[in-house]
file input31.txt (compact mmCIF, C-alpha atoms and all ligand atoms)
# COMPACT_ATOMS: atom_id res chain seq x y z
CA MET A 1 -34.82 47.38 37.90
CA ASN A 2 -35.52 46.74 34.21
CA SER A 3 -32.34 46.88 32.20
CA ILE A 4 -31.69 49.20 29.28
CA ARG A 5 -28.93 48.63 26.73
CA ILE A 6 -27.51 50.74 23.93
CA GLY A 7 -25.79 49.61 20.75
CA ILE A 8 -24.13 51.13 17.70
CA GLY A 9 -23.82 49.86 14.15
CA TYR A 10 -21.80 50.97 11.13
CA ASP A 11 -21.66 49.54 7.61
CA VAL A 12 -20.30 50.36 4.16
CA HIS A 13 -21.09 48.85 0.74
CA PRO A 14 -19.75 49.69 -2.72
CA LEU A 15 -22.03 50.94 -5.51
CA ILE A 16 -21.96 49.21 -8.88
CA GLU A 17 -24.02 49.12 -12.05
CA GLY A 18 -26.41 46.19 -12.59
CA ARG A 19 -27.64 45.89 -8.99
CA LYS A 20 -30.94 47.08 -7.53
CA LEU A 21 -30.67 49.70 -4.79
CA TYR A 22 -32.27 48.74 -1.46
CA ILE A 23 -32.11 51.16 1.45
CA GLY A 24 -34.09 50.77 4.66
CA GLY A 25 -36.03 47.87 3.15
CA VAL A 26 -37.23 50.00 0.23
CA GLU A 27 -36.24 49.54 -3.42
CA ILE A 28 -35.19 52.92 -4.83
CA PRO A 29 -34.92 53.55 -8.58
CA HIS A 30 -31.28 54.46 -9.37
CA GLU A 31 -28.64 53.70 -12.00
CA THR A 32 -26.44 51.83 -9.50
CA GLY A 33 -27.06 49.52 -6.55
CA LEU A 34 -25.13 48.34 -3.51
CA LEU A 35 -22.92 45.27 -3.82
CA GLY A 36 -22.90 42.56 -1.16
CA HIS A 37 -23.53 38.90 -0.46
CA SER A 38 -27.08 39.85 0.56
CA ASP A 39 -29.11 42.66 -1.03
CA ALA A 40 -26.51 44.91 0.67
CA ASP A 41 -29.05 47.18 2.37
CA VAL A 42 -26.45 49.21 4.20
CA LEU A 43 -28.95 50.99 6.46
CA LEU A 44 -30.65 47.78 7.67
CA HIS A 45 -27.22 46.23 8.27
CA ALA A 46 -26.19 49.13 10.51
CA ILE A 47 -29.50 48.85 12.40
CA ALA A 48 -29.18 45.07 12.80
CA ASP A 49 -25.60 45.49 14.06
CA ALA A 50 -26.72 48.13 16.56
CA ILE A 51 -29.39 45.78 17.96
CA LEU A 52 -26.93 42.86 18.12
CA GLY A 53 -24.45 45.17 19.86
CA ALA A 54 -27.02 46.17 22.45
CA LEU A 55 -27.77 42.50 23.07
CA GLY A 56 -24.05 41.65 23.38
CA GLU A 57 -24.48 39.26 20.44
CA GLY A 58 -21.64 40.28 18.10
CA ASP A 59 -22.53 41.39 14.58
CA ILE A 60 -24.39 40.29 11.45
CA GLY A 61 -21.25 38.74 9.96
CA LYS A 62 -21.24 36.33 12.92
CA HIS A 63 -24.94 35.48 12.66
CA PHE A 64 -25.20 35.48 8.83
CA PRO A 65 -21.77 34.57 7.38
CA ASP A 66 -21.13 35.74 3.81
CA THR A 67 -19.77 32.24 3.09
CA ASP A 68 -23.25 30.76 3.63
CA GLU A 69 -25.31 30.31 0.45
CA ARG A 70 -28.52 30.68 2.49
CA TYR A 71 -27.81 34.41 2.71
CA LYS A 72 -26.89 34.94 -0.96
CA ASP A 73 -29.02 37.84 -2.27
CA ILE A 74 -31.29 37.57 0.79
CA SER A 75 -33.48 40.53 1.66
CA SER A 76 -31.98 42.37 4.61
CA VAL A 77 -35.53 42.76 5.92
CA ALA A 78 -35.40 39.00 6.61
CA LEU A 79 -32.05 39.39 8.40
CA LEU A 80 -33.40 42.25 10.53
CA GLN A 81 -36.44 40.07 11.29
CA GLU A 82 -34.15 37.33 12.65
CA VAL A 83 -32.32 39.88 14.79
CA ALA A 84 -35.64 41.27 16.05
CA ASP A 85 -36.76 37.72 16.94
CA LEU A 86 -33.52 37.19 18.91
CA ALA A 87 -34.11 40.44 20.83
CA GLN A 88 -37.67 39.35 21.60
CA ARG A 89 -36.49 35.91 22.81
CA LYS A 90 -34.07 37.68 25.17
CA GLY A 91 -36.93 39.84 26.46
CA TYR A 92 -35.87 43.13 24.85
CA SER A 93 -37.97 45.72 23.02
CA LEU A 94 -36.83 48.75 21.07
CA GLY A 95 -36.98 52.04 22.97
CA ASN A 96 -35.85 54.13 20.04
CA LEU A 97 -33.58 54.00 17.03
CA ASP A 98 -31.69 56.76 15.27
CA CYS A 99 -29.63 56.31 12.13
CA VAL A 100 -27.95 58.22 9.34
CA LEU A 101 -27.31 57.22 5.75
CA LEU A 102 -24.28 58.73 4.00
CA ALA A 103 -25.10 58.90 0.29
CA GLN A 104 -24.28 61.53 -2.30
CA ARG A 105 -27.20 60.41 -4.50
CA PRO A 106 -30.07 59.66 -4.85
CA LYS A 107 -32.12 61.86 -2.55
CA ILE A 108 -33.81 59.47 -0.13
CA ALA A 109 -36.06 62.01 1.60
CA PRO A 110 -39.12 60.93 -0.44
CA TYR A 111 -38.68 57.34 0.80
CA ILE A 112 -37.95 57.95 4.48
CA LEU A 113 -41.53 57.50 5.71
CA GLN A 114 -41.81 54.14 3.89
CA MET A 115 -38.45 53.06 5.37
CA ARG A 116 -39.55 54.02 8.90
CA GLU A 117 -42.81 52.12 8.53
CA THR A 118 -41.02 49.05 7.13
CA ILE A 119 -38.47 48.99 9.96
CA ALA A 120 -41.09 49.72 12.62
CA ALA A 121 -43.24 46.81 11.42
CA VAL A 122 -40.30 44.39 11.65
CA LEU A 123 -39.35 45.64 15.12
CA HIS A 124 -42.97 45.74 16.39
CA VAL A 125 -42.82 49.42 17.34
CA ASP A 126 -44.50 52.65 16.32
CA ALA A 127 -42.76 54.45 13.45
CA ALA A 128 -42.44 57.45 15.78
CA VAL A 129 -39.49 55.76 17.57
CA VAL A 130 -37.62 55.10 14.31
CA ASN A 131 -35.70 58.15 13.07
CA ILE A 132 -33.85 58.14 9.75
CA LYS A 133 -31.50 60.88 8.61
CA ALA A 134 -29.43 61.27 5.46
CA THR A 135 -26.48 63.36 4.47
CA THR A 136 -24.33 63.81 1.43
CA THR A 137 -20.64 64.19 2.14
CA GLU A 138 -20.51 67.33 -0.01
CA LYS A 139 -18.85 65.31 -2.79
CA LEU A 140 -15.92 64.38 -0.52
CA GLY A 141 -14.46 60.88 -0.12
CA PHE A 142 -15.81 57.54 -1.40
CA VAL A 143 -19.37 58.55 -0.64
CA GLY A 144 -18.99 61.88 -2.43
CA ARG A 145 -17.46 60.15 -5.46
CA GLU A 146 -20.49 57.80 -5.43
CA GLU A 147 -18.26 54.75 -5.05
CA GLY A 148 -20.31 53.56 -2.10
CA MET A 149 -22.66 54.37 0.76
CA ALA A 150 -22.27 54.14 4.52
CA ALA A 151 -24.71 54.06 7.42
CA GLU A 152 -24.57 54.43 11.19
CA ALA A 153 -27.24 53.49 13.73
CA VAL A 154 -27.76 53.79 17.47
CA VAL A 155 -30.45 51.90 19.34
CA LEU A 156 -31.77 51.78 22.87
CA LEU A 157 -33.34 48.52 24.01
CA TYR A 158 -35.21 47.92 27.23
CA GLN A 159 -36.04 44.67 28.95
CA SER A 160 -39.79 44.38 28.55
CA MET A 161 -40.34 41.05 30.30
CA LEU A 162 -38.49 38.25 32.04
N1 LIG B 201 -28.82 60.94 -0.15
C1 LIG B 201 -29.38 61.96 0.52
C2 LIG B 201 -28.61 62.92 1.18
C3 LIG B 201 -29.25 63.95 1.83
N2 LIG B 201 -30.61 64.01 1.83
C4 LIG B 201 -31.29 65.12 2.49
O1 LIG B 201 -30.88 66.35 1.90
C5 LIG B 201 -30.74 67.37 2.89
C6 LIG B 201 -29.38 68.03 2.80
O2 LIG B 201 -28.33 67.12 3.06
P1 LIG B 201 -26.80 67.61 3.09
O3 LIG B 201 -25.96 66.43 3.39
O4 LIG B 201 -26.52 68.17 1.75
O5 LIG B 201 -26.72 68.64 4.16
C7 LIG B 201 -31.02 66.72 4.24
O6 LIG B 201 -32.33 67.06 4.65
C8 LIG B 201 -30.96 65.24 3.98
O7 LIG B 201 -31.89 64.53 4.74
C9 LIG B 201 -31.34 63.06 1.17
O8 LIG B 201 -32.59 63.09 1.15
N3 LIG B 201 -30.72 62.04 0.53
C1 LIG B 202 -25.21 40.31 5.37
C2 LIG B 202 -24.06 39.45 4.90
C3 LIG B 202 -24.63 38.03 4.68
O1 LIG B 202 -25.39 37.93 3.50
O2 LIG B 202 -23.48 39.83 3.67
P1 LIG B 202 -23.25 41.27 3.00
O3 LIG B 202 -24.47 41.63 2.20
O4 LIG B 202 -21.98 41.20 2.20
O5 LIG B 202 -23.17 42.36 4.14
P2 LIG B 202 -22.09 42.75 5.26
O6 LIG B 202 -22.40 44.14 5.71
O7 LIG B 202 -20.73 42.50 4.78
O8 LIG B 202 -22.53 41.82 6.50
C4 LIG B 202 -22.57 40.50 6.80
C5 LIG B 202 -22.78 39.45 5.78
O9 LIG B 202 -22.42 38.24 6.28

call {"tool": "encode", "arguments": {"input": "input31.txt", "output": "structure tokens", "more": "lines below"}}
Ligand SMILES: Nc1ccn([C@@H]2O[C@H](COP(=O)(O)O)[C@@H](O)[C@H]2O)c(=O)n1
Ligand SMILES: C[C@@]1(CO)OP(=O)(O)OP(=O)(O)OC[C@H]1O
result
Amino acid sequence: MNSIRIGIGYDVHPLIEGRKLYIGGVEIPHETGLLGHSDADVLLHAIADAILGALGEGDIGKHFPDTDERYKDISSVALLQEVADLAQRKGYSLGNLDCVLLAQRPKIAPYILQMRETIAAVLHVDAAVVNIKATTTEKLGFVGREEGMAAEAVVLLYQSML
């Protein structure tokens, strides 16, 4: 029987002035951006962690240490690409992916289709199997105070070949 595996991912990054805002591989005009060693794309980090979890391969901190200068300011699209390549080498394909971004502002709805297409291209799937949701936290907590953003992702992988 072909094996199926699920994985979850969760990530948080602070928001500061003077950084560009990248979410889901898309640059979004905003007065603050996410802080991290990489471009701090919190949504792609949660997705990459979910895939690594499904593969039993730890997390992105293990694969791309924030002490390594190679990953300084790197695009998280490149990190997700490396994770996708690992999944492919292990014979796994994406069944479907669901994720949610927690952000008080900006509204990301106008960018969701571009994010889905970007992620789908990296993962070699149809955008129909990539679902992206967003929620404010009704001005509650660190997200509501716009101190940071969080993201969660769940993926299902299936073994496509051996
Ligand atoms: N940063 C965000 C947060 C939410 N949305 C969309 O707005 C709608 C309402 O969200 P609530 O959390 O206030 O219930 C919902 O459709 C979200 O997708 C958004 O685009 N960007
Ligand atoms: C991606 C990495 C590597 O550049 O750095 P950050 O952008 O700080 O992101 P984090 O979510 O802390 O995950 C792992 C890191 O090693």

call {"tool": "closest_residue", "arguments": {"input": "input31.txt", "among": "A:Gly61, A:Pro106, A:Gly141, A:Gly95", "to": "Ile23 of chain A", "atoms": "only C-alpha atoms"}}
result
A:Pro106

call {"tool": "residues_around", "arguments": {"input": "input31.txt", "residues": "Gln81 of chain A", "least_positions_apart": "6", "cutoff": "10 Å", "atoms": "only C-alpha atoms", "output": "list in words"}}
result
Ala48, Ala87, Ile119, Ala121, Val122 and Leu123 of chain A

call {"tool": "closest_residue", "arguments": {"input": "input31.txt", "among": "A:Lys133, A:Gly33, A:Ala84, A:Gly7", "to": "Ala120 of chain A", "atoms": "only C-alpha atoms"}}
result
A:Ala84

call {"tool": "closest_atom_pairs", "arguments": {"input": "input31.txt", "of": "chain A", "to": "ligand LIG 201 (chain B)", "cutoff": "12 Å", "atoms": "all atoms listed in the file", "output": "tab-separated table"}}
result
residue	atom	partner	partner_atom	distance
A:Ile23	CA	B:LIG201	N1	10.4
A:Ile28	CA	B:LIG201	N1	11.3
A:His30	CA	B:LIG201	N1	11.5
A:Leu43	CA	B:LIG201	N1	11.9
A:Cys99	CA	B:LIG201	O7	11.3
A:Val100	CA	B:LIG201	O7	8.7
A:Leu101	CA	B:LIG201	N1	7.1
A:Leu102	CA	B:LIG201	N1	6.5
A:Ala103	CA	B:LIG201	N1	4.3
A:Gln104	CA	B:LIG201	N1	5.1
A:Arg105	CA	B:LIG201	N1	4.7
A:Pro106	CA	B:LIG201	N1	5.0
A:Lys107	CA	B:LIG201	N3	3.4
A:Ile108	CA	B:LIG201	O8	4.0
A:Ala109	CA	B:LIG201	O8	3.7
A:Pro110	CA	B:LIG201	O8	7.1
A:Tyr111	CA	B:LIG201	O8	8.4
A:Ile112	CA	B:LIG201	O8	8.1
A:Leu113	CA	B:LIG201	O8	11.5
A:Asn131	CA	B:LIG201	O7	11.2
A:Ile132	CA	B:LIG201	O7	8.4
A:Lys133	CA	B:LIG201	O7	5.3
A:Ala134	CA	B:LIG201	O7	4.1
A:Thr135	CA	B:LIG201	O3	3.3
A:Thr136	CA	B:LIG201	O3	3.7
A:Thr137	CA	B:LIG201	O3	5.9
A:Glu138	CA	B:LIG201	O4	6.3
A:Lys139	CA	B:LIG201	O4	9.4
A:Leu140	CA	B:LIG201	O3	11.0
A:Val143	CA	B:LIG201	N1	9.8
A:Gly144	CA	B:LIG201	N1	10.1
A:Glu146	CA	B:LIG201	N1	10.4
A:Gly148	CA	B:LIG201	N1	11.4
A:Met149	CA	B:LIG201	N1	9.1
A:Ala150	CA	B:LIG201	N1	10.5
A:Ala151	CA	B:LIG201	N1	11.0

call {"tool": "residues_near_ligand", "arguments": {"input": "input31.txt", "ligand": "ligand LIG 202 (chain B)", "cutoff": "6 Å", "atoms": "only C-alpha atoms and all ligand atoms", "output": "PDB file with C-alpha atoms, in the frame of the given file"}}
result
ATOM      1  CA  ASP A  11     -21.660  49.540   7.610  1.00  0.00           C
ATOM      2  CA  GLY A  36     -22.900  42.560  -1.160  1.00  0.00           C
ATOM      3  CA  HIS A  37     -23.530  38.900  -0.460  1.00  0.00           C
ATOM      4  CA  SER A  38     -27.080  39.850   0.560  1.00  0.00           C
ATOM      5  CA  ASP A  39     -29.110  42.660  -1.030  1.00  0.00           C
ATOM      6  CA  ALA A  40     -26.510  44.910   0.670  1.00  0.00           C
ATOM      7  CA  HIS A  45     -27.220  46.230   8.270  1.00  0.00           C
ATOM      8  CA  ILE A  60     -24.390  40.290  11.450  1.00  0.00           C
ATOM      9  CA  GLY A  61     -21.250  38.740   9.960  1.00  0.00           C
ATOM     10  CA  PHE A  64     -25.200  35.480   8.830  1.00  0.00           C
ATOM     11  CA  PRO A  65     -21.770  34.570   7.380  1.00  0.00           C
ATOM     12  CA  ASP A  66     -21.130  35.740   3.810  1.00  0.00           C
ATOM     13  CA  TYR A  71     -27.810  34.410   2.710  1.00  0.00           C
ATOM     14  CA  LYS A  72     -26.890  34.940  -0.960  1.00  0.00           C
TER      15      LYS A  72
END

call {"tool": "atom_distance", "arguments": {"input": "input31.txt", "atom1": "atom CA of Gln114 of chain A", "atom2": "atom CA of Val26 of chain A"}}
result
7.2 Å

call {"tool": "atom_distance", "arguments": {"input": "input31.txt", "atom1": "atom CA of Arg70 of chain A", "atom2": "atom CA of Asp41 of chain A"}}
result
16.5 Å
